[in-house]
file protein02.cif (mmCIF, C-alpha atoms and all ligand atoms; chains and numbers go by the auth columns)
data_structure
loop_
_atom_site.group_PDB
_atom_site.id
_atom_site.type_symbol
_atom_site.label_atom_id
_atom_site.label_comp_id
_atom_site.label_asym_id
_atom_site.label_seq_id
_atom_site.Cartn_x
_atom_site.Cartn_y
_atom_site.Cartn_z
_atom_site.B_iso_or_equiv
_atom_site.auth_seq_id
_atom_site.auth_asym_id
ATOM 1 C CA MET A 1 -25.249 -20.249 -65.360 0.00 106 A
ATOM 2 C CA ASP A 2 -27.938 -20.006 -62.729 0.00 107 A
ATOM 3 C CA CYS A 3 -26.345 -18.462 -59.649 0.00 108 A
ATOM 4 C CA ILE A 4 -28.499 -16.538 -57.183 0.00 109 A
ATOM 5 C CA PHE A 5 -25.559 -14.432 -55.983 0.00 110 A
ATOM 6 C CA CYS A 6 -24.525 -13.495 -59.539 0.00 111 A
ATOM 7 C CA SER A 7 -28.149 -12.549 -60.143 0.00 112 A
ATOM 8 C CA ILE A 8 -28.096 -10.341 -57.022 0.00 113 A
ATOM 9 C CA ILE A 9 -24.790 -8.753 -58.101 0.00 114 A
ATOM 10 C CA GLU A 10 -26.309 -8.009 -61.531 0.00 115 A
ATOM 11 C CA LYS A 11 -29.414 -6.545 -59.781 0.00 116 A
ATOM 12 C CA LYS A 12 -31.667 -9.074 -61.542 0.00 117 A
ATOM 13 C CA THR A 13 -32.711 -10.405 -58.138 0.00 118 A
ATOM 14 C CA GLU A 14 -33.741 -8.077 -55.330 0.00 119 A
ATOM 15 C CA SER A 15 -31.635 -7.876 -52.188 0.00 120 A
ATOM 16 C CA THR A 16 -31.116 -5.536 -49.266 0.00 121 A
ATOM 17 C CA ILE A 17 -27.687 -4.029 -49.748 0.00 122 A
ATOM 18 C CA VAL A 18 -25.645 -2.793 -46.786 0.00 123 A
ATOM 19 C CA TYR A 19 -22.380 -2.266 -48.664 0.00 124 A
ATOM 20 C CA GLU A 20 -21.223 -2.228 -52.262 0.00 125 A
ATOM 21 C CA ASP A 21 -18.045 -1.354 -54.121 0.00 126 A
ATOM 22 C CA GLU A 22 -16.316 -2.444 -57.322 0.00 127 A
ATOM 23 C CA PHE A 23 -15.252 -5.805 -55.855 0.00 128 A
ATOM 24 C CA VAL A 24 -17.865 -6.963 -53.353 0.00 129 A
ATOM 25 C CA ILE A 25 -21.450 -6.596 -52.277 0.00 130 A
ATOM 26 C CA GLY A 26 -22.763 -6.951 -48.715 0.00 131 A
ATOM 27 C CA ILE A 27 -26.405 -7.967 -48.342 0.00 132 A
ATOM 28 C CA MET A 28 -28.762 -8.888 -45.532 0.00 133 A
ATOM 29 C CA ASP A 29 -29.312 -12.668 -45.294 0.00 134 A
ATOM 30 C CA LEU A 30 -32.946 -13.505 -46.124 0.00 135 A
ATOM 31 C CA PHE A 31 -32.918 -16.208 -43.428 0.00 136 A
ATOM 32 C CA PRO A 32 -30.759 -14.628 -40.707 0.00 137 A
ATOM 33 C CA ALA A 33 -29.201 -16.867 -38.059 0.00 138 A
ATOM 34 C CA THR A 34 -29.637 -13.850 -35.785 0.00 139 A
ATOM 35 C CA GLU A 35 -30.930 -10.352 -36.528 0.00 140 A
ATOM 36 C CA GLY A 36 -28.428 -8.395 -38.602 0.00 141 A
ATOM 37 C CA HIS A 37 -26.804 -11.398 -40.349 0.00 142 A
ATOM 38 C CA VAL A 38 -24.912 -10.092 -43.405 0.00 143 A
ATOM 39 C CA LEU A 39 -23.355 -11.894 -46.391 0.00 144 A
ATOM 40 C CA VAL A 40 -20.262 -10.476 -48.100 0.00 145 A
ATOM 41 C CA ILE A 41 -20.046 -11.706 -51.686 0.00 146 A
ATOM 42 C CA PRO A 42 -17.196 -11.141 -54.152 0.00 147 A
ATOM 43 C CA LYS A 43 -18.413 -9.788 -57.503 0.00 148 A
ATOM 44 C CA VAL A 44 -16.844 -12.641 -59.417 0.00 149 A
ATOM 45 C CA HIS A 45 -18.252 -16.151 -59.638 0.00 150 A
ATOM 46 C CA SER A 46 -15.927 -18.575 -57.850 0.00 151 A
ATOM 47 C CA GLU A 47 -17.214 -21.533 -55.910 0.00 152 A
ATOM 48 C CA ILE A 48 -14.294 -21.763 -53.491 0.00 153 A
ATOM 49 C CA VAL A 49 -11.856 -19.286 -51.974 0.00 154 A
ATOM 50 C CA ALA A 50 -8.856 -20.828 -53.773 0.00 155 A
ATOM 51 C CA ASP A 51 -10.356 -19.725 -57.104 0.00 156 A
ATOM 52 C CA ILE A 52 -11.115 -16.105 -56.139 0.00 157 A
ATOM 53 C CA ASP A 53 -8.854 -13.476 -57.677 0.00 158 A
ATOM 54 C CA ASP A 54 -6.513 -12.163 -54.927 0.00 159 A
ATOM 55 C CA GLU A 55 -7.821 -8.621 -55.080 0.00 160 A
ATOM 56 C CA TYR A 56 -11.444 -9.749 -54.679 0.00 161 A
ATOM 57 C CA ALA A 57 -10.516 -12.084 -51.827 0.00 162 A
ATOM 58 C CA ALA A 58 -8.687 -9.310 -50.000 0.00 163 A
ATOM 59 C CA LYS A 59 -11.529 -6.848 -50.547 0.00 164 A
ATOM 60 C CA MET A 60 -14.022 -9.404 -49.188 0.00 165 A
ATOM 61 C CA PHE A 61 -12.396 -9.327 -45.762 0.00 166 A
ATOM 62 C CA LYS A 62 -11.742 -5.604 -45.883 0.00 167 A
ATOM 63 C CA ALA A 63 -15.444 -4.996 -46.558 0.00 168 A
ATOM 64 C CA ALA A 64 -16.356 -7.476 -43.809 0.00 169 A
ATOM 65 C CA LYS A 65 -14.291 -5.504 -41.325 0.00 170 A
ATOM 66 C CA LEU A 66 -15.988 -2.247 -42.335 0.00 171 A
ATOM 67 C CA ILE A 67 -19.468 -3.801 -42.193 0.00 172 A
ATOM 68 C CA SER A 68 -18.701 -5.263 -38.750 0.00 173 A
ATOM 69 C CA ILE A 69 -17.960 -1.755 -37.488 0.00 174 A
ATOM 70 C CA GLY A 70 -21.383 -0.634 -38.712 0.00 175 A
ATOM 71 C CA MET A 71 -23.031 -3.687 -37.172 0.00 176 A
ATOM 72 C CA ARG A 72 -21.384 -3.048 -33.804 0.00 177 A
ATOM 73 C CA LYS A 73 -22.743 0.517 -33.811 0.00 178 A
ATOM 74 C CA ALA A 74 -26.256 -0.468 -34.931 0.00 179 A
ATOM 75 C CA SER A 75 -29.180 -0.831 -32.536 0.00 180 A
ATOM 76 C CA ILE A 76 -29.097 -4.649 -32.628 0.00 181 A
ATOM 77 C CA LYS A 77 -26.736 -4.522 -29.610 0.00 182 A
ATOM 78 C CA LEU A 78 -24.752 -7.586 -30.551 0.00 183 A
ATOM 79 C CA GLU A 79 -22.340 -9.041 -27.998 0.00 184 A
ATOM 80 C CA ALA A 80 -19.905 -10.557 -30.514 0.00 185 A
ATOM 81 C CA LEU A 81 -19.632 -11.546 -34.168 0.00 186 A
ATOM 82 C CA SER A 82 -18.815 -14.751 -35.983 0.00 187 A
ATOM 83 C CA PHE A 83 -17.191 -14.516 -39.409 0.00 188 A
ATOM 84 C CA VAL A 84 -18.065 -17.786 -41.118 0.00 189 A
ATOM 85 C CA LEU A 85 -16.893 -18.944 -44.512 0.00 190 A
ATOM 86 C CA SER A 86 -17.945 -22.456 -45.533 0.00 191 A
ATOM 87 C CA ASP A 87 -15.602 -23.405 -48.351 0.00 192 A
ATOM 88 C CA GLY A 88 -17.250 -26.367 -50.088 0.00 193 A
ATOM 89 C CA LYS A 89 -20.378 -28.467 -49.658 0.00 194 A
ATOM 90 C CA SER A 90 -19.025 -30.705 -46.867 0.00 195 A
ATOM 91 C CA ALA A 91 -18.254 -27.550 -44.895 0.00 196 A
ATOM 92 C CA GLY A 92 -21.890 -26.506 -45.148 0.00 197 A
ATOM 93 C CA GLN A 93 -21.673 -24.197 -48.170 0.00 198 A
ATOM 94 C CA GLU A 94 -25.194 -24.004 -49.608 0.00 199 A
ATOM 95 C CA ILE A 95 -24.722 -21.522 -52.471 0.00 200 A
ATOM 96 C CA PRO A 96 -21.822 -22.449 -54.800 0.00 201 A
ATOM 97 C CA HIS A 97 -20.502 -18.861 -55.002 0.00 202 A
ATOM 98 C CA ALA A 98 -17.985 -18.089 -52.250 0.00 203 A
ATOM 99 C CA HIS A 99 -19.330 -15.806 -49.529 0.00 204 A
ATOM 100 C CA LEU A 100 -18.529 -14.737 -45.998 0.00 205 A
ATOM 101 C CA HIS A 101 -21.199 -14.654 -43.286 0.00 206 A
ATOM 102 C CA ILE A 102 -21.084 -12.012 -40.559 0.00 207 A
ATOM 103 C CA ILE A 103 -23.383 -13.182 -37.784 0.00 208 A
ATOM 104 C CA PRO A 104 -24.248 -11.203 -34.637 0.00 209 A
ATOM 105 C CA ARG A 105 -23.722 -13.419 -31.581 0.00 210 A
ATOM 106 C CA TYR A 106 -25.132 -13.525 -28.060 0.00 211 A
ATOM 107 C CA GLN A 107 -24.472 -15.679 -25.000 0.00 212 A
ATOM 108 C CA GLY A 108 -26.633 -18.781 -25.302 0.00 213 A
ATOM 109 C CA ASP A 109 -27.805 -18.051 -28.856 0.00 214 A
ATOM 110 C CA GLY A 110 -27.569 -21.761 -29.672 0.00 215 A
ATOM 111 C CA ILE A 111 -25.365 -21.276 -32.731 0.00 216 A
ATOM 112 C CA GLY A 112 -22.538 -23.761 -32.611 0.00 217 A
ATOM 113 C CA PHE A 113 -19.425 -24.837 -34.391 0.00 218 A
ATOM 114 C CA ARG A 114 -17.496 -27.760 -32.910 0.00 219 A
ATOM 115 C CA PHE A 115 -13.974 -28.499 -34.070 0.00 220 A
ATOM 116 C CA GLY A 116 -14.454 -32.031 -32.771 0.00 221 A
ATOM 117 C CA SER A 117 -10.765 -32.882 -32.370 0.00 222 A
ATOM 118 C CA LYS A 118 -10.342 -36.518 -31.339 0.00 223 A
ATOM 119 C CA ARG A 119 -6.721 -36.336 -30.142 0.00 224 A
ATOM 120 C CA LYS A 120 -3.650 -34.148 -29.862 0.00 225 A
ATOM 121 C CA TYR A 121 -1.261 -34.586 -32.818 0.00 226 A
ATOM 122 C CA SER A 122 2.443 -35.241 -32.266 0.00 227 A
ATOM 123 C CA LYS A 123 5.066 -32.766 -33.498 0.00 228 A
ATOM 124 C CA PRO A 124 6.215 -35.141 -36.329 0.00 229 A
ATOM 125 C CA GLU A 125 2.617 -35.557 -37.500 0.00 230 A
ATOM 126 C CA LEU A 126 2.104 -31.781 -37.533 0.00 231 A
ATOM 127 C CA GLU A 127 5.450 -31.271 -39.323 0.00 232 A
ATOM 128 C CA ARG A 128 4.521 -33.813 -42.026 0.00 233 A
ATOM 129 C CA ILE A 129 1.167 -32.152 -42.746 0.00 234 A
ATOM 130 C CA ALA A 130 2.665 -28.648 -42.602 0.00 235 A
ATOM 131 C CA ALA A 131 5.352 -29.684 -45.104 0.00 236 A
ATOM 132 C CA GLU A 132 2.710 -30.967 -47.546 0.00 237 A
ATOM 133 C CA ILE A 133 0.800 -27.696 -47.309 0.00 238 A
ATOM 134 C CA LYS A 134 3.969 -25.569 -47.612 0.00 239 A
ATOM 135 C CA ASN A 135 5.122 -27.535 -50.659 0.00 240 A
ATOM 136 C CA ASN A 136 1.858 -26.720 -52.415 0.00 241 A
ATOM 137 C CA LEU A 137 1.778 -22.969 -51.824 0.00 242 A
ATOM 138 C CA VAL A 138 1.953 -21.255 -55.195 0.00 243 A
HETATM 139 ZN ZN ZN B . -22.240 -16.679 -58.851 0.00 1 B
#
call {"tool": "encode", "arguments": {"input": "protein02.cif", "output": "structure tokens"}}
result
Amino acid sequence: MDCIFCSIIEKKTESTIVYEDEFVIGIMDLFPATEGHVLVIPKVHSEIVADIDDEYAAKMFKAAKLISIGMRKASIKLEALSFVLSDGKSAGQEIPHAHLHIIPRYQGDGIGFRFGSKRKYSKPELERIAAEIKNNLV
């Protein structure tokens, strides 16, 4: 398998590490959206979140929280943060190994994410979709 993130985890590819434990690694993005952009990567190869072992998934967000504290205290003087996880190619995932972006944000930084809702859903429509999701929780 030829996965850049697995290669980074195995230290076969160089990266700039900001955090590392048994479950996850946090590295600086080589092409930061804004200065200080960090990637939090579980140390197990899974393309999508649904396939990540629970403990690794939980540790990914726990590490992200800790890293965000460090980012907020760093000299980059961010105004806010976006936690972005693109779960699949159509969502914009570029590397097929699940990862969470932590991106420093500023007023007018030009980074955007539009939900693009076309209409408000009725209660029965929402109930029908919710029931399908609930029935598939395992
Ligand atoms: Zn991988």
call {"tool": "residues_near_ligand", "arguments": {"input": "protein02.cif", "ligand": "ligand ZN 1 (chain B)", "cutoff": "10 Å", "atoms": "only C-alpha atoms and all ligand atoms", "output": "VMD selection string"}}
result
chain A and resid 106 to 115 146 to 152 200 to 204
call {"tool": "atom_distance", "arguments": {"input": "protein02.cif", "atom1": "atom CA of Gly221 of chain A", "atom2": "atom CA of Lys194 of chain A"}}
result
18.2 Å
call {"tool": "residues_around", "arguments": {"input": "protein02.cif", "residues": "segment 125-138 of chain A", "least_positions_apart": "2", "cutoff": "7 Å", "atoms": "only C-alpha atoms", "output": "JSON, numbers by chain"}}
result
{"A": [120, 121, 122, 123, 140, 141, 142, 143, 144, 145, 146, 147, 148, 161, 164, 165, 208]}
call {"tool": "closest_residue", "arguments": {"input": "protein02.cif", "among": "A:Ala185, A:Lys223, A:Ala196, A:Ile238", "to": "Thr139 of chain A", "atoms": "all atoms listed in the file"}}
result
A:Ala185
call {"tool": "closest_residue", "arguments": {"input": "protein02.cif", "among": "A:Arg224, A:Lys178, A:Asn240, A:Leu205", "to": "Phe166 of chain A", "atoms": "all atoms listed in the file"}}
result
A:Leu205
call {"tool": "resolve_selection", "arguments": {"input": "protein02.cif", "expression": "the PyMOL selection byres (((chain A and resi 174-176) around 10) and not hetatm)", "output": "short mmCIF file (atom, residue, chain, number, x, y, z; two decimals) with C-alpha atoms, in the coordinates of the input"}}
result
data_model
loop_
_atom_site.label_atom_id
_atom_site.label_comp_id
_atom_site.auth_asym_id
_atom_site.auth_seq_id
_atom_site.Cartn_x
_atom_site.Cartn_y
_atom_site.Cartn_z
CA VAL A 123 -25.64 -2.79 -46.79
CA GLY A 141 -28.43 -8.40 -38.60
CA HIS A 142 -26.80 -11.40 -40.35
CA VAL A 143 -24.91 -10.09 -43.40
CA ALA A 168 -15.44 -5.00 -46.56
CA ALA A 169 -16.36 -7.48 -43.81
CA LYS A 170 -14.29 -5.50 -41.32
CA LEU A 171 -15.99 -2.25 -42.34
CA ILE A 172 -19.47 -3.80 -42.19
CA SER A 173 -18.70 -5.26 -38.75
CA ARG A 177 -21.38 -3.05 -33.80
CA LYS A 178 -22.74 0.52 -33.81
CA ALA A 179 -26.26 -0.47 -34.93
CA SER A 180 -29.18 -0.83 -32.54
CA ILE A 181 -29.10 -4.65 -32.63
CA LYS A 182 -26.74 -4.52 -29.61
CA LEU A 183 -24.75 -7.59 -30.55
CA LEU A 186 -19.63 -11.55 -34.17
CA ILE A 207 -21.08 -12.01 -40.56
CA ILE A 208 -23.38 -13.18 -37.78
CA PRO A 209 -24.25 -11.20 -34.64
#
call {"tool": "atom_distance", "arguments": {"input": "protein02.cif", "atom1": "atom CA of His206 of chain A", "atom2": "atom CA of Asp192 of chain A"}}
result
11.6 Å
call {"tool": "atom_distance", "arguments": {"input": "protein02.cif", "atom1": "atom CA of Arg210 of chain A", "atom2": "atom CA of Gly197 of chain A"}}
result
18.9 Å
call {"tool": "closest_residue", "arguments": {"input": "protein02.cif", "among": "A:Ile216, A:Ala163, A:Ala235, A:Val243", "to": "Val189 of chain A", "atoms": "all atoms listed in the file"}}
result
A:Ile216
call {"tool": "build_atoms", "arguments": {"input": "protein02.cif", "residues": "segment 122-145 of chain A", "atoms": "N, CA, C and O atoms", "output": "PDB file, keeping the file's coordinate frame"}}
result
ATOM      1  N   ILE A 122     -29.123  -4.273 -49.703  1.00  0.00           N
ATOM      2  CA  ILE A 122     -27.687  -4.029 -49.748  1.00  0.00           C
ATOM      3  C   ILE A 122     -27.248  -3.163 -48.565  1.00  0.00           C
ATOM      4  O   ILE A 122     -27.850  -2.126 -48.297  1.00  0.00           O
ATOM      5  N   VAL A 123     -26.212  -3.613 -47.865  1.00  0.00           N
ATOM      6  CA  VAL A 123     -25.645  -2.793 -46.786  1.00  0.00           C
ATOM      7  C   VAL A 123     -24.324  -2.180 -47.203  1.00  0.00           C
ATOM      8  O   VAL A 123     -23.875  -1.193 -46.609  1.00  0.00           O
ATOM      9  N   TYR A 124     -23.681  -2.774 -48.208  1.00  0.00           N
ATOM     10  CA  TYR A 124     -22.380  -2.266 -48.664  1.00  0.00           C
ATOM     11  C   TYR A 124     -22.174  -2.701 -50.106  1.00  0.00           C
ATOM     12  O   TYR A 124     -22.549  -3.803 -50.490  1.00  0.00           O
ATOM     13  N   GLU A 125     -21.571  -1.823 -50.899  1.00  0.00           N
ATOM     14  CA  GLU A 125     -21.223  -2.228 -52.262  1.00  0.00           C
ATOM     15  C   GLU A 125     -20.058  -1.394 -52.764  1.00  0.00           C
ATOM     16  O   GLU A 125     -19.997  -0.187 -52.550  1.00  0.00           O
ATOM     17  N   ASP A 126     -19.111  -2.055 -53.402  1.00  0.00           N
ATOM     18  CA  ASP A 126     -18.045  -1.354 -54.121  1.00  0.00           C
ATOM     19  C   ASP A 126     -17.775  -2.137 -55.403  1.00  0.00           C
ATOM     20  O   ASP A 126     -18.553  -3.020 -55.780  1.00  0.00           O
ATOM     21  N   GLU A 127     -16.664  -1.828 -56.043  1.00  0.00           N
ATOM     22  CA  GLU A 127     -16.316  -2.444 -57.322  1.00  0.00           C
ATOM     23  C   GLU A 127     -16.096  -3.961 -57.209  1.00  0.00           C
ATOM     24  O   GLU A 127     -16.306  -4.709 -58.160  1.00  0.00           O
ATOM     25  N   PHE A 128     -15.684  -4.421 -56.026  1.00  0.00           N
ATOM     26  CA  PHE A 128     -15.252  -5.805 -55.855  1.00  0.00           C
ATOM     27  C   PHE A 128     -16.234  -6.707 -55.118  1.00  0.00           C
ATOM     28  O   PHE A 128     -16.258  -7.916 -55.347  1.00  0.00           O
ATOM     29  N   VAL A 129     -16.991  -6.143 -54.197  1.00  0.00           N
ATOM     30  CA  VAL A 129     -17.865  -6.963 -53.353  1.00  0.00           C
ATOM     31  C   VAL A 129     -19.213  -6.287 -53.120  1.00  0.00           C
ATOM     32  O   VAL A 129     -19.360  -5.075 -53.296  1.00  0.00           O
ATOM     33  N   ILE A 130     -20.158  -7.116 -52.708  1.00  0.00           N
ATOM     34  CA  ILE A 130     -21.450  -6.596 -52.277  1.00  0.00           C
ATOM     35  C   ILE A 130     -21.774  -7.239 -50.929  1.00  0.00           C
ATOM     36  O   ILE A 130     -21.461  -8.417 -50.710  1.00  0.00           O
ATOM     37  N   GLY A 131     -22.342  -6.444 -50.017  1.00  0.00           N
ATOM     38  CA  GLY A 131     -22.763  -6.951 -48.715  1.00  0.00           C
ATOM     39  C   GLY A 131     -24.271  -6.843 -48.639  1.00  0.00           C
ATOM     40  O   GLY A 131     -24.830  -5.764 -48.855  1.00  0.00           O
ATOM     41  N   ILE A 132     -24.931  -7.965 -48.379  1.00  0.00           N
ATOM     42  CA  ILE A 132     -26.405  -7.967 -48.342  1.00  0.00           C
ATOM     43  C   ILE A 132     -26.903  -8.609 -47.052  1.00  0.00           C
ATOM     44  O   ILE A 132     -26.195  -9.390 -46.419  1.00  0.00           O
ATOM     45  N   MET A 133     -28.134  -8.264 -46.695  1.00  0.00           N
ATOM     46  CA  MET A 133     -28.762  -8.888 -45.532  1.00  0.00           C
ATOM     47  C   MET A 133     -29.188 -10.304 -45.926  1.00  0.00           C
ATOM     48  O   MET A 133     -29.773 -10.516 -46.990  1.00  0.00           O
ATOM     49  N   ASP A 134     -28.888 -11.289 -45.055  1.00  0.00           N
ATOM     50  CA  ASP A 134     -29.312 -12.668 -45.294  1.00  0.00           C
ATOM     51  C   ASP A 134     -30.830 -12.742 -45.158  1.00  0.00           C
ATOM     52  O   ASP A 134     -31.402 -12.218 -44.204  1.00  0.00           O
ATOM     53  N   LEU A 135     -31.476 -13.376 -46.140  1.00  0.00           N
ATOM     54  CA  LEU A 135     -32.946 -13.505 -46.124  1.00  0.00           C
ATOM     55  C   LEU A 135     -33.423 -14.384 -44.971  1.00  0.00           C
ATOM     56  O   LEU A 135     -34.553 -14.260 -44.516  1.00  0.00           O
ATOM     57  N   PHE A 136     -32.585 -15.304 -44.532  1.00  0.00           N
ATOM     58  CA  PHE A 136     -32.918 -16.208 -43.428  1.00  0.00           C
ATOM     59  C   PHE A 136     -31.850 -16.059 -42.343  1.00  0.00           C
ATOM     60  O   PHE A 136     -31.002 -16.938 -42.169  1.00  0.00           O
ATOM     61  N   PRO A 137     -31.853 -14.915 -41.642  1.00  0.00           N
ATOM     62  CA  PRO A 137     -30.759 -14.628 -40.707  1.00  0.00           C
ATOM     63  C   PRO A 137     -30.682 -15.616 -39.547  1.00  0.00           C
ATOM     64  O   PRO A 137     -31.704 -15.989 -38.972  1.00  0.00           O
ATOM     65  N   ALA A 138     -29.440 -16.024 -39.235  1.00  0.00           N
ATOM     66  CA  ALA A 138     -29.201 -16.867 -38.059  1.00  0.00           C
ATOM     67  C   ALA A 138     -29.561 -16.082 -36.808  1.00  0.00           C
ATOM     68  O   ALA A 138     -30.139 -16.613 -35.864  1.00  0.00           O
ATOM     69  N   THR A 139     -29.186 -14.801 -36.801  1.00  0.00           N
ATOM     70  CA  THR A 139     -29.637 -13.850 -35.785  1.00  0.00           C
ATOM     71  C   THR A 139     -29.885 -12.534 -36.528  1.00  0.00           C
ATOM     72  O   THR A 139     -29.430 -12.357 -37.661  1.00  0.00           O
ATOM     73  N   GLU A 140     -30.596 -11.614 -35.883  1.00  0.00           N
ATOM     74  CA  GLU A 140     -30.930 -10.352 -36.528  1.00  0.00           C
ATOM     75  C   GLU A 140     -29.661  -9.589 -36.911  1.00  0.00           C
ATOM     76  O   GLU A 140     -28.754  -9.452 -36.084  1.00  0.00           O
ATOM     77  N   GLY A 141     -29.580  -9.159 -38.147  1.00  0.00           N
ATOM     78  CA  GLY A 141     -28.428  -8.395 -38.602  1.00  0.00           C
ATOM     79  C   GLY A 141     -27.416  -9.211 -39.393  1.00  0.00           C
ATOM     80  O   GLY A 141     -26.400  -8.679 -39.831  1.00  0.00           O
ATOM     81  N   HIS A 142     -27.679 -10.479 -39.604  1.00  0.00           N
ATOM     82  CA  HIS A 142     -26.804 -11.398 -40.349  1.00  0.00           C
ATOM     83  C   HIS A 142     -26.563 -10.868 -41.778  1.00  0.00           C
ATOM     84  O   HIS A 142     -27.498 -10.644 -42.527  1.00  0.00           O
ATOM     85  N   VAL A 143     -25.298 -10.654 -42.107  1.00  0.00           N
ATOM     86  CA  VAL A 143     -24.912 -10.092 -43.405  1.00  0.00           C
ATOM     87  C   VAL A 143     -24.064 -11.095 -44.186  1.00  0.00           C
ATOM     88  O   VAL A 143     -23.293 -11.857 -43.599  1.00  0.00           O
ATOM     89  N   LEU A 144     -24.195 -11.086 -45.505  1.00  0.00           N
ATOM     90  CA  LEU A 144     -23.355 -11.894 -46.391  1.00  0.00           C
ATOM     91  C   LEU A 144     -22.472 -10.956 -47.206  1.00  0.00           C
ATOM     92  O   LEU A 144     -22.958  -9.971 -47.755  1.00  0.00           O
ATOM     93  N   VAL A 145     -21.192 -11.251 -47.277  1.00  0.00           N
ATOM     94  CA  VAL A 145     -20.262 -10.476 -48.100  1.00  0.00           C
ATOM     95  C   VAL A 145     -19.864 -11.363 -49.275  1.00  0.00           C
ATOM     96  O   VAL A 145     -19.338 -12.460 -49.097  1.00  0.00           O
TER      97      VAL A 145
END
